[in-house]
Every structure is written in structure tokens, then in C-alpha cells.
Amino acid sequence: MDYTIKITRKMVKRFLKRYTVWIILSGLVGGGIGLFVGNRTQNVTYTSSSMFVQSDNNYAIISSYQKFVLTGKFKSLMKAKIDKSFWQGNAKRYNYSIGVVPRGENSPFFSMTVQATNKKYTKYLTGVATKVFEKNIRKYLSNANTSLVTSPGRGVRVNNSGQIMKLGLVGFIIGVIITFIVACFSFIRFGHVTDDQYLADVYQIKLLGTLDSE
């Protein structure tokens, strides 16, 4: 004989009263684990930049500067400088990225931006990239006419809190789901009869009477 348990308002009320706190706590624990894992696994990166200006206001040429810093020639010049520096023994000395970023639409100003995993190394790389760019850009583009406006700034940590928060949210959701499933199973299969209305509220079994214990 099949027996079906219906979900009723009284049943839900009992369930929430008994397990809500545990479900929330489990979610918070899962979220904390997610945040911890995120902080441990997410690569910390820093960025530093110097600013130039195209002296003749020919802002259209700035896109060519971006192509220049991505050429093999520019990278080999950077490598030669790095390999003769204090950082030559750094195992991650080639793990960096360089970009030229316009400082606004139709603006003659642009930034030389470097990103790496070490704060001091990021600033050093920006300084090297700035000098290599100044010395060699006219060899690459004869009509280049740039001037340095600001020197390389200190390395600033890149904000990756969004990704870490996502991992925390995922951990919270997983914790809630797992605890909810366990709580449902425990509530239906192993629930203790706590009062004379428990069977009626949970299993829809009518109360036939009560026995007084002496």
C-alpha cells in the first residue's frame, strides 16, 4: 500500500522552526570556505602605469603604439633589460603583461600600463617599459612624437574581489542546499514525536487519543 505525505502549511512551519537556523549557519560556513578558497587560489596581481602625450595631438596613432609593445622586438628589449637586473633570478620574471591605453576618446594622452604578480617588480617593469618605449618608438614609427607626462607609479593591487565574492556565494548556496536536503530527509524519516500534534502535522495521521503516563 502506497502512502503519500502531503506538504502542508503546518508541516512547513514545523520544518522551518526546527531547521532554519541550521540551514543558514551551514550556508555561512560554506560561504566562509568559498571566500577562504578564493583568497588562496586567486592570483594577486598589481598594476603600474606611466602617462604619455602625443605632442602633435595625432591621437589616431596611439593604436599603433599598442601594436609596438606587443612586437617581438619590444619583448626582446624588455627581456634583455630584465635579465641584467636584480630580478634576473625571479622565476616569474616573464609573467607580466603590457598595454597602451588611451586616456579618453580623441585624447592625445595615453598610459603605458604593466601588470604583474609582485608589487615592486610591477613598478620596475613599468620603468623599463617606459624607457624602452621612449628610446625605440621612433625607430618603429617615424612620425611618433611623444612626451612623458608622469613617471611610473607604485604598484597597485588589482581588485579581484568580484571573483572571490562569487566563490563565497557559491559556497553559501552549496551549504544551504546540502543542509536542506539532509534536513528534509531527517525530518521525514527520523523526526522525533515532540508533541501530540506532530503526527497530524507531518504525516497527516489523525490523532485518535492520548494516554496518560503514571
# chains A, B, ... in the order shown; residues from 1 in each chain; ligands from 1
call {"tool": "residues_around", "arguments": {"residues": "stretch 79-86 of chain A", "least_positions_apart": "2", "cutoff": "10 Å", "atoms": "only C-alpha atoms", "output": "mmCIF file with C-alpha atoms, in the first residue's frame"}}
result
data_model
loop_
_atom_site.group_PDB
_atom_site.id
_atom_site.type_symbol
_atom_site.label_atom_id
_atom_site.label_comp_id
_atom_site.auth_asym_id
_atom_site.auth_seq_id
_atom_site.Cartn_x
_atom_site.Cartn_y
_atom_site.Cartn_z
ATOM 1 C CA LYS A 73 61.306 43.377 -30.843
ATOM 2 C CA PHE A 74 59.866 45.206 -27.847
ATOM 3 C CA LYS A 75 59.629 41.990 -25.824
ATOM 4 C CA SER A 76 63.254 41.070 -26.591
ATOM 5 C CA LEU A 77 64.415 44.522 -25.494
ATOM 6 C CA GLN A 88 67.090 38.067 -13.194
ATOM 7 C CA GLY A 89 66.682 35.189 -10.743
ATOM 8 C CA ASN A 90 62.936 35.626 -10.354
ATOM 9 C CA ARG A 93 60.097 37.453 -14.276
ATOM 10 C CA TYR A 94 58.442 36.918 -17.670
ATOM 11 C CA TYR A 121 58.524 44.231 -9.746
ATOM 12 C CA TYR A 124 60.266 48.214 -12.053
ATOM 13 C CA LEU A 125 58.777 46.749 -15.240
ATOM 14 C CA VAL A 128 61.819 49.629 -18.028
ATOM 15 C CA ALA A 129 58.900 49.589 -20.479
ATOM 16 C CA VAL A 132 62.385 51.144 -23.897
#
call {"tool": "residues_around", "arguments": {"residues": "A:Ser63", "least_positions_apart": "4", "cutoff": "10 Å", "atoms": "only C-alpha atoms", "output": "list in words"}}
result
Tyr59, Lys67, Phe68, Val100, Val101, Pro102 and Phe110 of chain A
call {"tool": "closest_residue", "arguments": {"among": "A:Thr117, A:Thr122, A:Ser26, A:Thr130", "to": "A:Ser50", "atoms": "only C-alpha atoms"}}
result
A:Thr130
call {"tool": "select_by_dssp", "arguments": {"residues": "stretch 68-179 of chain A", "states": "strand (DSSP E)", "output": "PDB file with C-alpha atoms, in the first residue's frame"}}
result
ATOM      1  CA  SER A  97      51.526  41.982 -19.456  1.00  0.00           C
ATOM      2  CA  ILE A  98      51.985  45.408 -21.058  1.00  0.00           C
ATOM      3  CA  GLY A  99      49.409  47.573 -22.722  1.00  0.00           C
ATOM      4  CA  VAL A 100      48.968  51.062 -24.124  1.00  0.00           C
ATOM      5  CA  VAL A 101      45.640  52.545 -23.057  1.00  0.00           C
ATOM      6  CA  PRO A 102      44.179  55.834 -24.403  1.00  0.00           C
ATOM      7  CA  PHE A 109      47.122  61.254 -23.676  1.00  0.00           C
ATOM      8  CA  PHE A 110      47.757  57.553 -23.158  1.00  0.00           C
ATOM      9  CA  SER A 111      49.104  55.267 -20.452  1.00  0.00           C
ATOM     10  CA  MET A 112      51.777  52.606 -20.548  1.00  0.00           C
ATOM     11  CA  THR A 113      50.343  50.003 -18.158  1.00  0.00           C
ATOM     12  CA  VAL A 114      52.084  46.923 -16.788  1.00  0.00           C
ATOM     13  CA  GLN A 115      50.536  44.121 -14.734  1.00  0.00           C
ATOM     14  CA  ALA A 116      52.480  41.524 -12.737  1.00  0.00           C
ATOM     15  CA  THR A 146      55.546  61.514 -27.695  1.00  0.00           C
ATOM     16  CA  SER A 147      56.487  63.100 -24.390  1.00  0.00           C
ATOM     17  CA  LEU A 148      56.472  61.568 -20.930  1.00  0.00           C
ATOM     18  CA  VAL A 149      53.954  63.289 -18.654  1.00  0.00           C
ATOM     19  CA  THR A 150      54.124  61.225 -15.451  1.00  0.00           C
ATOM     20  CA  VAL A 156      48.561  48.952  -7.011  1.00  0.00           C
ATOM     21  CA  ARG A 157      46.746  45.722  -6.272  1.00  0.00           C
TER      22      ARG A 157
END
call {"tool": "atom_distance", "arguments": {"atom1": "atom CA of A:Gly30", "atom2": "atom CA of A:Phe172"}}
result
4.7 Å
call {"tool": "residues_around", "arguments": {"residues": "A:Trp22", "least_positions_apart": "4", "cutoff": "10 Å", "atoms": "only C-alpha atoms", "output": "compact mmCIF listing (two decimals) with C-alpha atoms, in the first residue's frame"}}
result
# COMPACT_ATOMS: atom_id res chain seq x y z
CA LEU A 16 11.34 25.94 9.31
CA ARG A 18 13.41 23.37 13.58
CA SER A 26 25.64 25.86 7.16
CA GLY A 27 25.31 28.37 4.33
CA LEU A 28 27.53 30.83 6.19
CA VAL A 176 22.27 25.68 2.12
CA THR A 179 21.83 21.04 4.67
CA PHE A 180 18.30 21.49 3.31
CA ALA A 183 17.21 18.27 6.98
call {"tool": "residues_around", "arguments": {"residues": "A:Asn118", "least_positions_apart": "4", "cutoff": "9 Å", "atoms": "only C-alpha atoms", "output": "PyMOL selection string"}}
result
chain A and resi 44-46+122-123+155
call {"tool": "closest_residue", "arguments": {"among": "A:Pro152, A:Gly162, A:Pro108, A:Gly127", "to": "A:Ala60", "atoms": "only C-alpha atoms"}}
result
A:Pro108
call {"tool": "select_by_dssp", "arguments": {"residues": "stretch 1-207 of chain A", "states": "alpha helix (DSSP H)", "output": "PyMOL selection string"}}
result
chain A and resi 9-41+62-69+72-82+119-140+161-189+198-203
call {"tool": "closest_residue", "arguments": {"among": "A:Val158, A:Ile178, A:Ala144, A:Ala91", "to": "A:Phe52", "atoms": "only C-alpha atoms"}}
result
A:Ala144
call {"tool": "atom_distance", "arguments": {"atom1": "atom CA of A:Glu105", "atom2": "atom CA of A:Gly153"}}
result
23.0 Å
call {"tool": "closest_residue", "arguments": {"among": "A:Asn143, A:Gln66, A:Thr126, A:Val53", "to": "A:Arg103", "atoms": "only C-alpha atoms"}}
result
A:Val53
